[in-house]
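Participant: If you scroll down you'll find the structure; I have some questions about it.
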There are 4 protein chains.
Amino acid sequence: MRTYRLKQLGSVDGLVLQEEDVPEPKSTEIVMRVRAMSVNRRDAFIVNGAYPLPSQPNVVPLSDGAGEVVALGSAVTRFKVGDRVIGSYWPRWRDGRLTPDLGDQLGCTIDGMLTEYAVLDEQWAVAVSEHLSWEEAATLTCAGVTAWSAVVGSEAAHPGQTVLTLGTGGVAIFALQFAKMMGCTVIASTSRPAKAEKLRALGADHVIDYAAIPNWAETVRELTDGRGVDLIVETGGPKTIGQSLAAAGLYGHIVLLSVIDAEGNGLALPGQVYSRTMATLSRVFVGSRARLEAMCAAIGAHRMRPVIDRVFPFAEGREAYRYFMRGDLFGKVVIQGA
Amino acid sequence: MRTYRLKQLGSVDGLVLQEEDVPEPKSTEIVMRVRAMSVNRRDAFIVNGAYPLPSQPNVVPLSDGAGEVVALGSAVTRFKVGDRVIGSYWPRWRDGRLTPDLGDQLGCTIDGMLTEYAVLDEQWAVAVSEHLSWEEAATLTCAGVTAWSAVVGSEAAHPGQTVLTLGTGGVAIFALQFAKMMGCTVIASTSRPAKAEKLRALGADHVIDYAAIPNWAETVRELTDGRGVDLIVETGGPKTIGQSLAAAGLYGHIVLLSVIDAEGNGLALPGQVYSRTMATLSRVFVGSRARLEAMCAAIGAHRMRPVIDRVFPFAEGREAYRYFMRGDLFGKVVIQGA
Amino acid sequence: MRTYRLKQLGSVDGLVLQEEDVPEPKSTEIVMRVRAMSVNRRDAFIVNGAYPLPSQPNVVPLSDGAGEVVALGSAVTRFKVGDRVIGSYWPRWRDGRLTPDLGDQLGCTIDGMLTEYAVLDEQWAVAVSEHLSWEEAATLTCAGVTAWSAVVGSEAAHPGQTVLTLGTGGVAIFALQFAKMMGCTVIASTSRPAKAEKLRALGADHVIDYAAIPNWAETVRELTDGRGVDLIVETGGPKTIGQSLAAAGLYGHIVLLSVIDAEGNGLALPGQVYSRTMATLSRVFVGSRARLEAMCAAIGAHRMRPVIDRVFPFAEGREAYRYFMRGDLFGKVVIQGA
Amino acid sequence: MRTYRLKQLGSVDGLVLQEEDVPEPKSTEIVMRVRAMSVNRRDAFIVNGAYPLPSQPNVVPLSDGAGEVVALGSAVTRFKVGDRVIGSYWPRWRDGRLTPDLGDQLGCTIDGMLTEYAVLDEQWAVAVSEHLSWEEAATLTCAGVTAWSAVVGSEAAHPGQTVLTLGTGGVAIFALQFAKMMGCTVIASTSRPAKAEKLRALGADHVIDYAAIPNWAETVRELTDGRGVDLIVETGGPKTIGQSLAAAGLYGHIVLLSVIDAEGNGLALPGQVYSRTMATLSRVFVGSRARLEAMCAAIGAHRMRPVIDRVFPFAEGREAYRYFMRGDLFGKVVIQGA
């Protein structure tokens, strides 16, 4: 079988495609034929050697992959051959709180999905809805659960409340979709008119051109009768946090997905703004398997379709990374299985 | 002006229509021309003298009414003449928890809405969305907020979860509408095929005929792959609690709207059933003004339309009560303003 | 080694003491020399064949046991030889919510602690504070975590609030201790003057003689200036629920530990009482390993000492059960290790 | 009577003591003979003209004051002459969430406590425990409730968890006292050995010398076995937030009391640190009357004694401000009533 391994940190060139034996499942393991994978920001950090969690030498990258079960260890009870599954980002984190001993991540400290066949403990995988294509199913593990945790999280937003999303990356678009699914009003943002149309088609109630309006927080306040928004899925980081804080309602909740930029800058919270609000800032690190399962149940019930920007063939895995890194996306970058 | 007053407890015959002077607003008061009212179960209890909270002698009944502001006290700041408003069930309960000193109720301890003109402190009223007719707006104060508290409450249900509603009364139908607005799957129930169709038209994913299937909890479990439902809006009371408990999921939440029946029976929780579940039972007493405002924001954002069973003219107020008391409704019983 | 096994359901006579080989630990397992065990109500139900979860044939009973690690599987990382440990009631339930696949219980579906040596997966055990004797450490797994879940739970009580405990069984006394540790006011109850003294010595602010005052809910209301209590650890069941409901404050929380009595009666909730309160009823099934760890941290920080009623030698395991079943205890019934 | 009024913003010299008539209570008002007052950081900001909320011209400053009721309006029901009361910081905010229309503050937009007699609507005052001296009772309204909201808040810390307090100002010491009352382990910090002793006497489990150890976050982690603390009452602001973030546990909660310093700097969150933690940052603005009442109940139940640094006579009100502004306090700065 063909497998990518991260032979050297620093750039996408460290990703090497090689031949390996198809793995055999041990007792509680399953082997999955990976039909599609997707790239996330953390995968770019990992190849660049800039991810906080050191990756295992020669790791098979990518947390996100969907495929069918093709072989079972003798003790497997959760799946049968032919089941459609995806992996869980933190395979050992079942529910409740993350603890240090549960810190393994697919595609980082343990082998991930950029391979023809992946082997997983059966507890690391969950079933996905039949209505999803392989490519769609391959988008859920990281960006999907991150957005789910941010929007549904422990204290869900509710109809009549307003959610703000930033840009058109994978997490932002999932956040828009989940927020609409939950009956919230959504203000989305993009600098491209063509993307604005697509955001509206996905249900965005308002779309702001953040490039045309540097002080877009004011626009957000106007759109909310001066109140500010209830929830911000803050995918921007140091460049946007000032406006986000200004756009938050009195009890607004800002979920931070990015707290450091490529130059190492952290978040600066403008004092004049923050002294006038009770906004809460919290972080999300993807989520547990229970969160993944809850999200899959919702996606199945709503027959929701993830948004894919572009699909690359397996042989062009490195190009998929490079395309992802250039940014200017609308949804997820997917790689087809070998 | 014409006003109904409850001259004698015991039956609807105690309701007397009489002529009175149009009230003048004091400092912080507004006068509201009541364009429509609606009847709730508590109103039936009040005329029958069976309500736990003693009503004021000769009270103007009904908590629910919608109308326009026609006069303002000198210190009013929240409203202007012409504003469309409804009253808050517990006028003094603004937010947070109910306390004994906030225990006044419109149409019970203080004069309510079955009148041509009602006078309210400006803090007791909230604005309603323009998209609602007077009749629709008049359904929200009691049944609407009760359902909102039950479904959205402090710990909201989320997409992928299942909500069970019982019957087709005002609260049950609002609960169905709010649960769908929030992206939940809804199992509704009725014994009438014609009503089943209407429930489906309102978005119910499944409708159970509880009369045909006495052990309908089993059907609910089948519809949820054996898991049981996440939230039950328990409008039934002593007759249904056994099945409801059996229909609840392991961490199910049963919101009790009715804990005593006309004969004074309370709830009996079957031990064998309850010993196998972690279900929580909680109560709801309508809700605060903050809840009412949150619900109105959601109804406005979704342009949701309340469901009305039948509208009576003002002169037939007693007939409206009697019709309500016969049951077998689909939505709210409304009375038009004088 | 000597081991008790439950050879026949129906009575304590089904417990048979026999000789077995000392177990060898597999890869991730530890062997624990059990120095002390304790009996819980569920253990009595199990020997009587009245427990909702069927026990494994010939199971080694008891969930509660404390001892030292004497042997390690090759892959063990959490413990070393000599560590002092106890087991987790639901060994597979780590954190978050219980799910059906996590339903194994020590001393029921898998072998428990009434034995000289117990073998556990290392994930099933947690370390206990050095300040505890073996006998004290052996009281925590079931009754301790049950009380911790009830009192600290997901929404902790706080100083200035009042907690009511019923009687002097293991859970009630732990609940009293935890509630005092959290700064709550505690109303305890017993029918025995000598026990009342001991409850006061443990910190109870008030002690009610429930036998002398059948309508003790009224006394509770007097002690709380008419408000009722904030939290009731309802260890009583069908016989006490009526008074408990009457003793609960407007937003009181009643945690149900017993929802069925020996005759199969469930809980009857008096309608007149329940119609005047917003009290919530919830259930607790012991708790996850995360709860056990949180409780152990608190016990260690406070150097709290569990209360033991009586200690039996290992050879008198059946007598310990019988003594427990007679009731009239003050704290836990413990069995010393072989 | 004698009253201080803030005649000019910019410095303490703007505070002018003058003679006025003793106020008469209107319908729902009480007149309170103020026996003691205390100074808070916001009072310093107000006299300096640096408070975000503009103060009323010639306002009587200070939110904090305790005294006895000496006269009642005709409609007063909550109090009688002789009752011991304090005011609520946001007099109109009863419970639940703060909204813009509830934004009045005692001693800022409405007259406060630096006066011989204060007149308050009866809803703006609460009773205080008999065990407190006037001076002690006068410390609770602002700093007490702020600390209570931070420590007990909506999601209380629990025994076994660790709380970090910074310095020895009023809020920090109240936070230490409440955290101990709740059974938490407390790490306090100060640069003065004499204060360290006093902190230990108040129950601090550990005291860190933050001046001697610039990287004190590391010390906090050592004291918590590497885990970091569960709750930080962040009274420091821009100068301490970096260390606080580094000291927070994986799910730590940092309650921000100060988000801007005298030079207008906001908080800078170090990216490398924040990218490794899930810590939540939230803000507290004192709290509602319901919070004040809950805190008073706890203080009464525990007969807790607030800590006073120094008491000034009424005539030396300006000196009290200046002393407060110099800092280096241990507890509250109090002014005796006229």
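Residues in the structure tokens are numbered from 1 in each chain, the chains being A, B, ... in the order shown, and ligands are numbered from 1 in the order shown.
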Please identify every residue of chain D that has at least one atom no more than 12 Å from any atom of chain A, counting only C-alpha atoms, and report them as a ChimeraX atom specification.
Facilitator: /D:42,50-53,96-100,103,226-227,237-238,241-242,249-287
Participant: May I have the residues within 8 Å of D:Leu329 as a ChimeraX atom specification, using only C-alpha atoms and disregarding those fewer than 4 positions away in the same chain?
Facilitator: /D:168-169,309,324
Participant: Which residues are near stretch 129-140 of chain D? Cut-off 6 Å, only C-alpha atoms, ignore same chain within fewer than 4 positions. Put them as a VMD selection string.
Facilitator: chain D and resid 36 to 38 64 to 66 144 300 306
Participant: May I have the residues from that selection written out with N, CA, C and O atoms, as a PDB file, in the first residue's frame?
Facilitator:
ATOM      1  N   ALA D  36     -20.746  53.534  58.553  1.00  0.00           N
ATOM      2  CA  ALA D  36     -19.390  53.289  58.046  1.00  0.00           C
ATOM      3  C   ALA D  36     -19.476  53.120  56.540  1.00  0.00           C
ATOM      4  O   ALA D  36     -20.516  52.728  55.999  1.00  0.00           O
ATOM      5  N   MET D  37     -18.369  53.456  55.878  1.00  0.00           N
ATOM      6  CA  MET D  37     -18.292  53.333  54.411  1.00  0.00           C
ATOM      7  C   MET D  37     -16.932  52.723  54.088  1.00  0.00           C
ATOM      8  O   MET D  37     -16.037  52.725  54.927  1.00  0.00           O
ATOM      9  N   SER D  38     -16.766  52.269  52.842  1.00  0.00           N
ATOM     10  CA  SER D  38     -15.413  51.842  52.463  1.00  0.00           C
ATOM     11  C   SER D  38     -15.117  52.252  51.031  1.00  0.00           C
ATOM     12  O   SER D  38     -16.021  52.553  50.243  1.00  0.00           O
ATOM     13  N   ASP D  64     -20.202  51.677  48.892  1.00  0.00           N
ATOM     14  CA  ASP D  64     -20.213  50.836  50.093  1.00  0.00           C
ATOM     15  C   ASP D  64     -20.529  51.640  51.343  1.00  0.00           C
ATOM     16  O   ASP D  64     -19.788  52.573  51.693  1.00  0.00           O
ATOM     17  N   GLY D  65     -21.560  51.229  52.021  1.00  0.00           N
ATOM     18  CA  GLY D  65     -21.878  51.860  53.281  1.00  0.00           C
ATOM     19  C   GLY D  65     -22.835  50.993  54.070  1.00  0.00           C
ATOM     20  O   GLY D  65     -23.663  50.288  53.491  1.00  0.00           O
ATOM     21  N   ALA D  66     -22.717  51.028  55.385  1.00  0.00           N
ATOM     22  CA  ALA D  66     -23.602  50.267  56.260  1.00  0.00           C
ATOM     23  C   ALA D  66     -24.203  51.209  57.285  1.00  0.00           C
ATOM     24  O   ALA D  66     -23.533  52.133  57.754  1.00  0.00           O
ATOM     25  N   GLY D 144     -16.677  42.661  48.306  1.00  0.00           N
ATOM     26  CA  GLY D 144     -17.200  41.369  48.751  1.00  0.00           C
ATOM     27  C   GLY D 144     -17.927  40.650  47.635  1.00  0.00           C
ATOM     28  O   GLY D 144     -17.635  39.497  47.316  1.00  0.00           O
ATOM     29  N   GLY D 300     -23.081  35.282  57.096  1.00  0.00           N
ATOM     30  CA  GLY D 300     -23.817  35.106  58.343  1.00  0.00           C
ATOM     31  C   GLY D 300     -23.684  33.690  58.881  1.00  0.00           C
ATOM     32  O   GLY D 300     -23.426  33.476  60.068  1.00  0.00           O
ATOM     33  N   PRO D 306     -14.857  40.240  57.670  1.00  0.00           N
ATOM     34  CA  PRO D 306     -14.057  40.916  56.652  1.00  0.00           C
ATOM     35  C   PRO D 306     -12.797  41.507  57.276  1.00  0.00           C
ATOM     36  O   PRO D 306     -12.761  41.787  58.485  1.00  0.00           O
TER      37      PRO D 306
END
Participant: Which residues come within 10 Å of A:Gly14, counting only C-alpha atoms, excluding same-chain residues fewer than 6 positions away, as a list in words?
Facilitator: Tyr4, Arg5, Leu6, Lys7, Gln8, Val47, Asn48, Asn58 and Arg318 of chain A
Participant: Filtering to all heavy atoms, could you give me those residues as an mmCIF file, in the first residue's frame?
Facilitator:
data_model
loop_
_atom_site.group_PDB
_atom_site.id
_atom_site.type_symbol
_atom_site.label_atom_id
_atom_site.label_comp_id
_atom_site.auth_asym_id
_atom_site.auth_seq_id
_atom_site.Cartn_x
_atom_site.Cartn_y
_atom_site.Cartn_z
ATOM 1 N N TYR A 4 1.892 8.183 2.979
ATOM 2 C CA TYR A 4 2.747 9.355 3.174
ATOM 3 C C TYR A 4 3.291 9.313 4.602
ATOM 4 O O TYR A 4 2.547 9.012 5.550
ATOM 5 C CB TYR A 4 1.950 10.650 3.017
ATOM 6 C CG TYR A 4 1.647 11.049 1.598
ATOM 7 C CD1 TYR A 4 0.475 10.625 0.983
ATOM 8 C CD2 TYR A 4 2.529 11.863 0.882
ATOM 9 C CE1 TYR A 4 0.173 10.995 -0.316
ATOM 10 C CE2 TYR A 4 2.228 12.249 -0.426
ATOM 11 C CZ TYR A 4 1.052 11.812 -1.022
ATOM 12 O OH TYR A 4 0.763 12.193 -2.302
ATOM 13 N N ARG A 5 4.555 9.637 4.738
ATOM 14 C CA ARG A 5 5.128 9.809 6.076
ATOM 15 C C ARG A 5 5.880 11.132 6.119
ATOM 16 O O ARG A 5 6.435 11.568 5.111
ATOM 17 C CB ARG A 5 6.042 8.642 6.441
ATOM 18 C CG ARG A 5 5.263 7.344 6.681
ATOM 19 C CD ARG A 5 6.076 6.277 7.385
ATOM 20 N NE ARG A 5 5.242 5.114 7.690
ATOM 21 C CZ ARG A 5 4.550 4.953 8.825
ATOM 22 N NH1 ARG A 5 4.600 5.887 9.766
ATOM 23 N NH2 ARG A 5 3.814 3.871 9.020
ATOM 24 N N LEU A 6 5.849 11.757 7.277
ATOM 25 C CA LEU A 6 6.512 13.046 7.451
ATOM 26 C C LEU A 6 7.948 12.779 7.868
ATOM 27 O O LEU A 6 8.252 12.571 9.036
ATOM 28 C CB LEU A 6 5.763 13.874 8.500
ATOM 29 C CG LEU A 6 6.255 15.302 8.750
ATOM 30 C CD1 LEU A 6 6.272 16.127 7.465
ATOM 31 C CD2 LEU A 6 5.379 15.969 9.804
ATOM 32 N N LYS A 7 8.842 12.785 6.858
ATOM 33 C CA LYS A 7 10.224 12.364 7.094
ATOM 34 C C LYS A 7 11.055 13.492 7.699
ATOM 35 O O LYS A 7 12.066 13.248 8.325
ATOM 36 C CB LYS A 7 10.858 11.936 5.764
ATOM 37 C CG LYS A 7 10.225 10.699 5.141
ATOM 38 C CD LYS A 7 10.621 9.438 5.902
ATOM 39 C CE LYS A 7 10.192 8.201 5.117
ATOM 40 N NZ LYS A 7 10.625 6.960 5.765
ATOM 41 N N GLN A 8 10.637 14.724 7.427
ATOM 42 C CA GLN A 8 11.426 15.852 7.912
ATOM 43 C C GLN A 8 10.496 17.034 8.162
ATOM 44 O O GLN A 8 9.630 17.350 7.331
ATOM 45 C CB GLN A 8 12.460 16.229 6.855
ATOM 46 C CG GLN A 8 13.595 17.040 7.430
ATOM 47 C CD GLN A 8 14.691 17.258 6.397
ATOM 48 O OE1 GLN A 8 14.689 16.629 5.330
ATOM 49 N NE2 GLN A 8 15.602 18.161 6.699
ATOM 50 N N VAL A 47 3.659 19.940 9.660
ATOM 51 C CA VAL A 47 4.731 19.793 8.664
ATOM 52 C C VAL A 47 5.759 20.918 8.811
ATOM 53 O O VAL A 47 6.952 20.701 8.570
ATOM 54 C CB VAL A 47 4.229 19.739 7.190
ATOM 55 C CG1 VAL A 47 3.336 18.533 6.958
ATOM 56 C CG2 VAL A 47 3.557 21.012 6.770
ATOM 57 N N ASN A 48 5.313 22.066 9.252
ATOM 58 C CA ASN A 48 6.254 23.175 9.440
ATOM 59 C C ASN A 48 7.046 23.080 10.743
ATOM 60 O O ASN A 48 7.908 23.904 11.005
ATOM 61 C CB ASN A 48 5.502 24.512 9.410
ATOM 62 C CG ASN A 48 5.038 24.846 8.006
ATOM 63 O OD1 ASN A 48 5.640 24.393 7.030
ATOM 64 N ND2 ASN A 48 3.969 25.620 7.901
ATOM 65 N N ASN A 58 8.518 10.304 11.545
ATOM 66 C CA ASN A 58 7.972 9.572 10.390
ATOM 67 C C ASN A 58 6.475 9.302 10.498
ATOM 68 O O ASN A 58 5.966 8.303 9.984
ATOM 69 C CB ASN A 58 8.703 8.240 10.198
ATOM 70 C CG ASN A 58 10.166 8.460 9.931
ATOM 71 O OD1 ASN A 58 10.524 9.343 9.145
ATOM 72 N ND2 ASN A 58 11.007 7.685 10.597
ATOM 73 N N ARG A 318 0.924 16.536 -1.480
ATOM 74 C CA ARG A 318 1.700 17.740 -1.159
ATOM 75 C C ARG A 318 1.061 18.988 -1.759
ATOM 76 O O ARG A 318 1.059 20.054 -1.149
ATOM 77 C CB ARG A 318 3.142 17.583 -1.637
ATOM 78 C CG ARG A 318 4.006 16.758 -0.680
ATOM 79 C CD ARG A 318 5.427 16.605 -1.191
ATOM 80 N NE ARG A 318 5.449 15.835 -2.418
ATOM 81 C CZ ARG A 318 5.770 14.545 -2.514
ATOM 82 N NH1 ARG A 318 6.132 13.881 -1.437
ATOM 83 N NH2 ARG A 318 5.726 13.931 -3.667
#
Participant: For the structure I just gave you, how does DSSP split stretch 230-283 of chain D - specifically, which residues are helix (DSSP H, G or I)? Reply as a PyMOL selection string.
Facilitator: chain D and resi 241-247+271-274
Participant: Atoms to include: N, CA and C atoms. Write the selected residues as a CSV table (one decimal), in the first residue's frame.
Facilitator:
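Result file is part03.csv:
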chain,number,residue,atom,x,y,z
D,241,ILE,N,-1.1,39.2,34.0
D,241,ILE,CA,-1.9,38.2,33.2
D,241,ILE,C,-1.0,37.1,32.6
D,242,GLY,N,0.2,37.5,32.2
D,242,GLY,CA,1.1,36.5,31.6
D,242,GLY,C,1.4,35.4,32.5
D,243,GLN,N,1.8,35.7,33.7
D,243,GLN,CA,2.0,34.7,34.7
D,243,GLN,C,0.8,33.9,35.1
D,244,SER,N,-0.3,34.6,35.2
D,244,SER,CA,-1.6,34.0,35.5
D,244,SER,C,-2.0,32.9,34.5
D,245,LEU,N,-1.8,33.3,33.3
D,245,LEU,CA,-2.2,32.3,32.2
D,245,LEU,C,-1.3,31.1,32.3
D,246,ALA,N,0.0,31.3,32.6
D,246,ALA,CA,0.9,30.2,32.8
D,246,ALA,C,0.7,29.4,34.0
D,247,ALA,N,0.0,30.0,35.0
D,247,ALA,CA,-0.3,29.3,36.2
D,247,ALA,C,-1.6,28.5,36.2
D,271,GLY,N,1.1,34.0,23.4
D,271,GLY,CA,0.6,33.0,22.5
D,271,GLY,C,1.1,31.6,22.8
D,272,GLN,N,2.4,31.5,23.1
D,272,GLN,CA,3.0,30.2,23.4
D,272,GLN,C,2.3,29.6,24.6
D,273,VAL,N,2.0,30.4,25.6
D,273,VAL,CA,1.4,29.9,26.8
D,273,VAL,C,-0.1,29.5,26.5
D,274,TYR,N,-0.8,30.4,25.8
D,274,TYR,CA,-2.2,30.2,25.6
D,274,TYR,C,-2.5,29.0,24.7
Participant: If you measure from atom CA of B:Gln56 to atom CA of B:Arg78, what distance in Å do you get, rounded to one decimal?
Facilitator: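 Answer for the atom CA of B:Gln56 to atom CA of B:Arg78 separation: 27.7 Å.
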Participant: Can you list, as a list in words, all residues belonging to stretch 178-271 of chain A that DSSP tags as strand (DSSP E or B)?
Facilitator: Thr185, Val186, Ile187, Ala188, Ser189, His206, Val207, Ile208, Val229, Asp230, Leu231, Ile232, Val233, Glu234, Ala248, Gly249, Leu250, Tyr251, Gly252, His253, Ile254, Val255, Leu256, Leu267, Ala268 and Leu269 of chain A
Participant: When you count only C-alpha atoms, which of these residues is closest to D:Ile110: D:Gln177, D:Ser88, D:Ser189, D:Ser27?
Facilitator: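 Looking at the shortest contact to D:Ile110, the residue is D:Ser88.
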